[in-house]
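Have a look at work.json; it's JSON, C-alpha atoms and all ligand atoms:
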[["chain", "number", "residue", "atom", "x", "y", "z"],
["A", 19, "MET", "CA", -10.03, -7.46, 24.66],
["A", 20, "ALA", "CA", -7.96, -4.32, 24.23],
["A", 21, "LYS", "CA", -8.94, -0.71, 23.72],
["A", 22, "ILE", "CA", -6.56, 0.92, 21.28],
["A", 23, "THR", "CA", -6.11, 4.35, 19.80],
["A", 24, "MET", "CA", -4.15, 5.28, 16.69],
["A", 25, "THR", "CA", -4.07, 7.94, 14.03],
["A", 26, "VAL", "CA", -5.47, 6.76, 10.72],
["A", 27, "ASN", "CA", -5.32, 8.99, 7.66],
["A", 28, "GLY", "CA", -4.75, 11.97, 9.91],
["A", 29, "ARG", "CA", -7.65, 11.30, 12.23],
["A", 30, "GLN", "CA", -7.41, 9.86, 15.72],
["A", 31, "VAL", "CA", -9.50, 6.69, 16.05],
["A", 32, "SER", "CA", -10.20, 4.32, 18.90],
["A", 33, "GLY", "CA", -11.63, 0.84, 19.00],
["A", 34, "THR", "CA", -11.93, -2.31, 21.01],
["A", 35, "CYS", "CA", -10.59, -5.55, 19.62],
["A", 36, "ASP", "CA", -9.43, -8.97, 20.62],
["A", 37, "ASP", "CA", -5.72, -9.21, 21.46],
["A", 38, "ARG", "CA", -5.34, -11.55, 18.47],
["A", 39, "THR", "CA", -6.99, -9.20, 15.96],
["A", 40, "LEU", "CA", -4.78, -8.48, 12.97],
["A", 41, "LEU", "CA", -4.29, -4.87, 12.00],
["A", 42, "VAL", "CA", -5.83, -5.52, 8.58],
["A", 43, "HIS", "CA", -9.05, -6.74, 10.20],
["A", 44, "PHE", "CA", -9.12, -3.79, 12.60],
["A", 45, "ILE", "CA", -8.76, -1.41, 9.65],
["A", 46, "ARG", "CA", -11.42, -3.12, 7.55],
["A", 47, "GLU", "CA", -13.93, -4.18, 10.16],
["A", 48, "ASN", "CA", -13.63, -1.71, 13.02],
["A", 49, "LEU", "CA", -12.83, 1.32, 10.89],
["A", 50, "GLY", "CA", -14.70, 0.35, 7.71],
["A", 51, "LEU", "CA", -11.71, 1.17, 5.49],
["A", 52, "THR", "CA", -12.09, -1.69, 3.04],
["A", 53, "GLY", "CA", -9.62, -0.39, 0.45],
["A", 54, "THR", "CA", -6.98, -2.43, 2.26],
["A", 55, "HIS", "CA", -7.47, -5.95, 0.92],
["A", 56, "VAL", "CA", -6.87, -9.43, 2.28],
["A", 57, "GLY", "CA", -5.49, -11.77, -0.34],
["A", 58, "CYS", "CA", -3.72, -14.45, 1.65],
["A", 59, "GLU", "CA", -3.16, -13.70, 5.36],
["A", 60, "THR", "CA", 0.14, -15.54, 5.05],
["A", 61, "SER", "CA", 2.20, -12.41, 4.34],
["A", 62, "GLN", "CA", 2.80, -13.27, 0.71],
["A", 63, "CYS", "CA", 0.48, -11.27, -1.55],
["A", 64, "GLY", "CA", 0.91, -7.67, -0.38],
["A", 65, "ALA", "CA", -2.76, -6.73, -0.92],
["A", 66, "CYS", "CA", -2.86, -5.51, 2.69],
["A", 67, "VAL", "CA", 0.10, -3.10, 2.57],
["A", 68, "ILE", "CA", -0.42, 0.11, 4.51],
["A", 69, "HIS", "CA", 2.00, 2.67, 5.94],
["A", 70, "MET", "CA", 2.80, 2.56, 9.63],
["A", 71, "ASP", "CA", 4.78, 5.55, 10.86],
["A", 72, "GLY", "CA", 5.78, 6.26, 7.28],
["A", 73, "LEU", "CA", 6.97, 2.81, 6.21],
["A", 74, "SER", "CA", 5.08, 0.20, 4.20],
["A", 75, "VAL", "CA", 4.08, -2.89, 6.13],
["A", 76, "LYS", "CA", 1.82, -5.87, 5.52],
["A", 77, "SER", "CA", -1.07, -5.23, 7.86],
["A", 78, "CYS", "CA", -1.84, -8.97, 8.05],
["A", 79, "SER", "CA", 1.51, -9.51, 9.72],
["A", 80, "ILE", "CA", 0.90, -7.10, 12.62],
["A", 81, "LEU", "CA", -1.50, -7.27, 15.51],
["A", 82, "ALA", "CA", -3.79, -4.29, 15.90],
["A", 83, "VAL", "CA", -2.53, -3.84, 19.47],
["A", 84, "GLN", "CA", 1.02, -3.52, 18.13],
["A", 85, "ALA", "CA", -0.12, -0.53, 16.07],
["A", 86, "ALA", "CA", -1.58, 1.30, 19.06],
["A", 87, "GLY", "CA", -0.24, 4.84, 19.19],
["A", 88, "SER", "CA", 1.12, 4.74, 15.66],
["A", 89, "SER", "CA", 0.28, 6.79, 12.62],
["A", 90, "ILE", "CA", -1.33, 4.70, 9.87],
["A", 91, "THR", "CA", -2.02, 5.65, 6.27],
["A", 92, "THR", "CA", -4.28, 3.49, 4.13],
["A", 93, "ILE", "CA", -5.11, 3.78, 0.44],
["A", 94, "GLU", "CA", -8.07, 5.97, 1.43],
["A", 95, "GLY", "CA", -5.65, 8.53, 2.85],
["A", 96, "LEU", "CA", -3.63, 9.17, -0.32],
["A", 97, "ALA", "CA", -5.92, 11.32, -2.45],
["A", 98, "LYS", "CA", -6.12, 14.93, -1.32],
["A", 99, "ASP", "CA", -8.95, 17.36, -2.06],
["A", 100, "GLY", "CA", -10.40, 15.03, -4.68],
["A", 101, "GLU", "CA", -7.06, 14.74, -6.53],
["A", 102, "LEU", "CA", -5.49, 11.32, -6.94],
["A", 103, "HIS", "CA", -2.00, 10.88, -5.50],
["A", 104, "PRO", "CA", 0.59, 10.90, -8.35],
["A", 105, "VAL", "CA", 1.13, 7.15, -7.90],
["A", 106, "GLN", "CA", -2.62, 6.48, -8.17],
["A", 107, "ALA", "CA", -2.81, 8.71, -11.26],
["A", 108, "ALA", "CA", 0.16, 6.91, -12.82],
["A", 109, "PHE", "CA", -1.41, 3.47, -12.29],
["A", 110, "LYS", "CA", -4.50, 4.76, -14.08],
["A", 111, "ALA", "CA", -2.57, 6.42, -16.92],
["A", 112, "HIS", "CA", -0.22, 3.47, -17.53],
["A", 113, "HIS", "CA", -2.82, 0.72, -17.19],
["A", 114, "GLY", "CA", -1.22, -0.71, -14.07],
["A", 115, "LEU", "CA", -4.46, -2.32, -12.93],
["A", 116, "GLN", "CA", -7.14, -4.62, -14.24],
["A", 117, "CYS", "CA", -9.34, -6.09, -11.51],
["A", 118, "GLY", "CA", -7.74, -3.73, -8.97],
["A", 119, "PHE", "CA", -7.53, -6.26, -6.16],
["A", 120, "CYS", "CA", -3.79, -5.94, -5.71],
["A", 121, "THR", "CA", -3.74, -2.22, -6.53],
["A", 122, "PRO", "CA", -4.08, -0.68, -3.04],
["A", 123, "GLY", "CA", -1.12, -2.70, -1.79],
["A", 124, "MET", "CA", 0.88, -2.02, -4.94],
["A", 125, "VAL", "CA", 0.27, 1.72, -4.64],
["A", 126, "MET", "CA", 1.17, 1.85, -0.95],
["A", 127, "THR", "CA", 4.37, -0.14, -1.62],
["A", 128, "ALA", "CA", 5.21, 2.19, -4.51],
["A", 129, "VAL", "CA", 4.71, 5.37, -2.50],
["A", 130, "ASP", "CA", 7.11, 4.08, 0.15],
["A", 131, "MET", "CA", 9.57, 2.93, -2.51],
["A", 132, "ILE", "CA", 9.63, 6.36, -4.15],
["A", 133, "ALA", "CA", 9.97, 8.08, -0.79],
["A", 134, "ARG", "CA", 13.01, 5.98, 0.11],
["A", 135, "HIS", "CA", 14.82, 5.96, -3.23],
["A", 136, "GLY", "CA", 13.80, 9.30, -4.72],
["A", 137, "SER", "CA", 15.63, 10.07, -7.92],
["A", 138, "LYS", "CA", 17.79, 6.93, -7.61],
["A", 139, "LEU", "CA", 14.83, 4.60, -8.24],
["A", 140, "ASP", "CA", 15.36, 2.43, -11.31],
["A", 141, "GLU", "CA", 13.56, -0.44, -12.98],
["A", 142, "ALA", "CA", 15.66, -3.18, -11.37],
["A", 143, "THR", "CA", 14.97, -1.77, -7.91],
["A", 144, "VAL", "CA", 11.25, -1.48, -8.57],
["A", 145, "ARG", "CA", 11.08, -5.08, -9.75],
["A", 146, "ALA", "CA", 13.11, -6.31, -6.76],
["A", 147, "GLU", "CA", 11.03, -4.38, -4.25],
["A", 148, "LEU", "CA", 7.75, -5.60, -5.75],
["A", 149, "GLU", "CA", 8.70, -9.13, -4.77],
["A", 150, "GLY", "CA", 6.25, -9.02, -1.87],
["A", 151, "ASN", "CA", 3.29, -7.86, -3.97],
["A", 152, "ILE", "CA", 1.47, -10.35, -6.17],
["A", 153, "CYS", "CA", -0.71, -9.34, -9.11],
["A", 154, "ARG", "CA", -2.78, -12.09, -10.64],
["A", 155, "CYS", "CA", -3.92, -10.24, -13.73],
["A", 156, "THR", "CA", -1.76, -7.51, -15.21],
["A", 157, "GLY", "CA", 1.67, -8.99, -15.38],
["A", 158, "TYR", "CA", 4.05, -6.48, -13.88],
["A", 159, "HIS", "CA", 5.30, -4.44, -16.81],
["A", 160, "ASN", "CA", 2.68, -1.70, -16.65],
["A", 161, "ILE", "CA", 2.91, -1.58, -12.87],
["A", 162, "VAL", "CA", 6.66, -0.99, -13.12],
["A", 163, "LYS", "CA", 6.10, 1.67, -15.79],
["A", 164, "ALA", "CA", 3.51, 3.38, -13.60],
["A", 165, "ILE", "CA", 5.81, 3.45, -10.57],
["A", 166, "LEU", "CA", 8.74, 4.85, -12.55],
["A", 167, "ALA", "CA", 6.49, 7.43, -14.21],
["A", 168, "ALA", "CA", 5.21, 8.52, -10.81],
["A", 169, "ALA", "CA", 8.75, 8.70, -9.46],
["A", 170, "THR", "CA", 9.71, 10.87, -12.43],
["A", 171, "GLU", "CA", 6.84, 13.21, -11.74],
["A", 172, "MET", "CA", 7.66, 13.31, -8.06],
["A", 173, "GLY", "CA", 11.41, 13.67, -8.39],
["A", 174, "GLY", "CA", 12.95, 12.68, -11.71],
["A", 175, "VAL", "CA", 14.06, 9.13, -12.53],
["A", 176, "ARG", "CA", 14.58, 6.96, -15.60],
["A", 177, "GLN", "CA", 11.52, 5.53, -17.34],
["A", 178, "ALA", "CA", 11.02, 1.77, -17.58],
["A", 179, "ALA", "CA", 12.05, 0.23, -20.88],
["A", 180, "GLU", "CA", 9.23, -0.41, -23.33],
["A", 201, "LIG", "S1", -3.16, -10.40, 2.98],
["A", 201, "LIG", "FE1", -1.33, -9.59, 3.82],
["A", 201, "LIG", "S2", 0.23, -10.26, 2.50],
["A", 201, "LIG", "FE2", -1.60, -11.16, 1.68],
["A", 202, "LIG", "S1", -4.91, -5.98, -11.06],
["A", 202, "LIG", "FE1", -5.96, -7.84, -10.58],
["A", 202, "LIG", "S2", -4.67, -8.79, -9.12],
["A", 202, "LIG", "FE2", -3.52, -7.12, -9.81]]
Represent the structure contained in this file as structure tokens.
Ligand code: FES
Ligand code: FES
Amino acid sequence: MAKITMTVNGRQVSGTCDDRTLLVHFIRENLGLTGTHVGCETSQCGACVIHMDGLSVKSCSILAVQAAGSSITTIEGLAKDGELHPVQAAFKAHHGLQCGFCTPGMVMTAVDMIARHGSKLDEATVRAELEGNICRCTGYHNIVKAILAAATEMGGVRQAAE
């Protein structure tokens, strides 16, 4: 067993877990932050994407002990003062979700994508970078539109084609 401490959504947290515990299970079970989903545990679906020290990572591909001392943001950490993050608002406005199972991972991937590409983000890049996120119900068109719309609002980029 290991005792680990990390910052999650701006708050320092500690917990005890088995050395083999995956970060996604630590987040969901020890911290009760169940917005981060488990869709496969084989690093394919992207439902578990969180930010670790500012970059998106699949939390099923990291041990909780490897995240000790890091700064983690989960989907619960995006909205501020009751206001949805622009990417969350764009998914809602552009119908980028149906069942919502993939949505937390999609949103966390998108926030990182926009942060890295800024105004250079285009549709081809969004589609290429969504390769690691699987949606089983929407198709991807509205997700791409939502991400480009959010990027526009956050910095100015081209809209996805209709
Ligand atoms: S649960 Fe992590 S990629 Fe599917
Ligand atoms: S909205 Fe249902 S899996 Fe993507």
Given 6 Å and only C-alpha atoms and all ligand atoms, residues near ligand LIG 201 (chain A) as an MDAnalysis selection string | chainID A and resid 56:66 76:78
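Between CA of Thr156 in chain A and CA of Phe44 in chain A there is a distance of 29.0 Å.
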With all atoms listed in the file counted, collect every polymer residue having an atom within 12 Å of ligand LIG 202 (chain A); state the result as a VMD selection string.
-> chain A and resid 55 to 57 63 to 65 109 to 110 113 to 125 151 to 161
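The two atoms in question, CA of Ala108 in chain A and CA of Gly95 in chain A, are spaced 16.8 Å apart.
Here CA of Ala146 in chain A and CA of Glu94 in chain A stand 25.8 Å from one another.
Considering all atoms listed in the file, the residue among A:Lys98, A:Arg46, A:Lys21, A:His103 positioned nearest to Gly33 in chain A is A:Lys21.
Of the residues listed (A:Leu148, A:Val67, A:Ala142, A:Pro104), A:Pro104 shows the shortest atom-to-atom separation from Met172 in chain A; distances use only C-alpha atoms.
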Shell around Asn27 in chain A at 7 Å using only C-alpha atoms, local window under 6 positions removed, as a ChimeraX atom specification | /A:90-92,95
Residues near Ser88 in chain A, anyone? I mean within 12 Å using only C-alpha atoms, not counting same-chain ones fewer than 3 positions away, as a PDB file with C-alpha atoms, keeping the file's coordinate frame.
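This went into part-v9.pdb:
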ATOM      1  CA  ILE A  22      -6.560   0.920  21.280  1.00  0.00           C
ATOM      2  CA  THR A  23      -6.110   4.350  19.800  1.00  0.00           C
ATOM      3  CA  MET A  24      -4.150   5.280  16.690  1.00  0.00           C
ATOM      4  CA  THR A  25      -4.070   7.940  14.030  1.00  0.00           C
ATOM      5  CA  VAL A  26      -5.470   6.760  10.720  1.00  0.00           C
ATOM      6  CA  ASN A  27      -5.320   8.990   7.660  1.00  0.00           C
ATOM      7  CA  GLY A  28      -4.750  11.970   9.910  1.00  0.00           C
ATOM      8  CA  ARG A  29      -7.650  11.300  12.230  1.00  0.00           C
ATOM      9  CA  GLN A  30      -7.410   9.860  15.720  1.00  0.00           C
ATOM     10  CA  VAL A  31      -9.500   6.690  16.050  1.00  0.00           C
ATOM     11  CA  SER A  32     -10.200   4.320  18.900  1.00  0.00           C
ATOM     12  CA  LEU A  41      -4.290  -4.870  12.000  1.00  0.00           C
ATOM     13  CA  HIS A  69       2.000   2.670   5.940  1.00  0.00           C
ATOM     14  CA  MET A  70       2.800   2.560   9.630  1.00  0.00           C
ATOM     15  CA  ASP A  71       4.780   5.550  10.860  1.00  0.00           C
ATOM     16  CA  GLY A  72       5.780   6.260   7.280  1.00  0.00           C
ATOM     17  CA  LEU A  73       6.970   2.810   6.210  1.00  0.00           C
ATOM     18  CA  ALA A  82      -3.790  -4.290  15.900  1.00  0.00           C
ATOM     19  CA  VAL A  83      -2.530  -3.840  19.470  1.00  0.00           C
ATOM     20  CA  GLN A  84       1.020  -3.520  18.130  1.00  0.00           C
ATOM     21  CA  ALA A  85      -0.120  -0.530  16.070  1.00  0.00           C
ATOM     22  CA  THR A  91      -2.020   5.650   6.270  1.00  0.00           C
TER      23      THR A  91
END
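Between Leu102 in chain A and the candidates A:Ala168, A:Glu147, A:Asp36, A:Glu47, the tightest atom-to-atom separation, counting all atoms listed in the file, involves A:Ala168.
When only C-alpha atoms are used to compute distances to Ile132 in chain A, the closest of the residues A:Ala164, A:Ala169, A:Ala20, A:Val75 turns out to be A:Ala169.
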Point out the residue among A:Glu101, A:Asp130, A:Asp140, A:Asp37 with the least atom-to-atom distance to Ser74 in chain A, counting all atoms listed in the file.
-> A:Asp130
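For the residues A:Ala111, A:Gly50, A:Ala133, A:His43, ranking by smallest atom-to-atom distance to Ser79 in chain A using all atoms listed in the file places A:His43 first.
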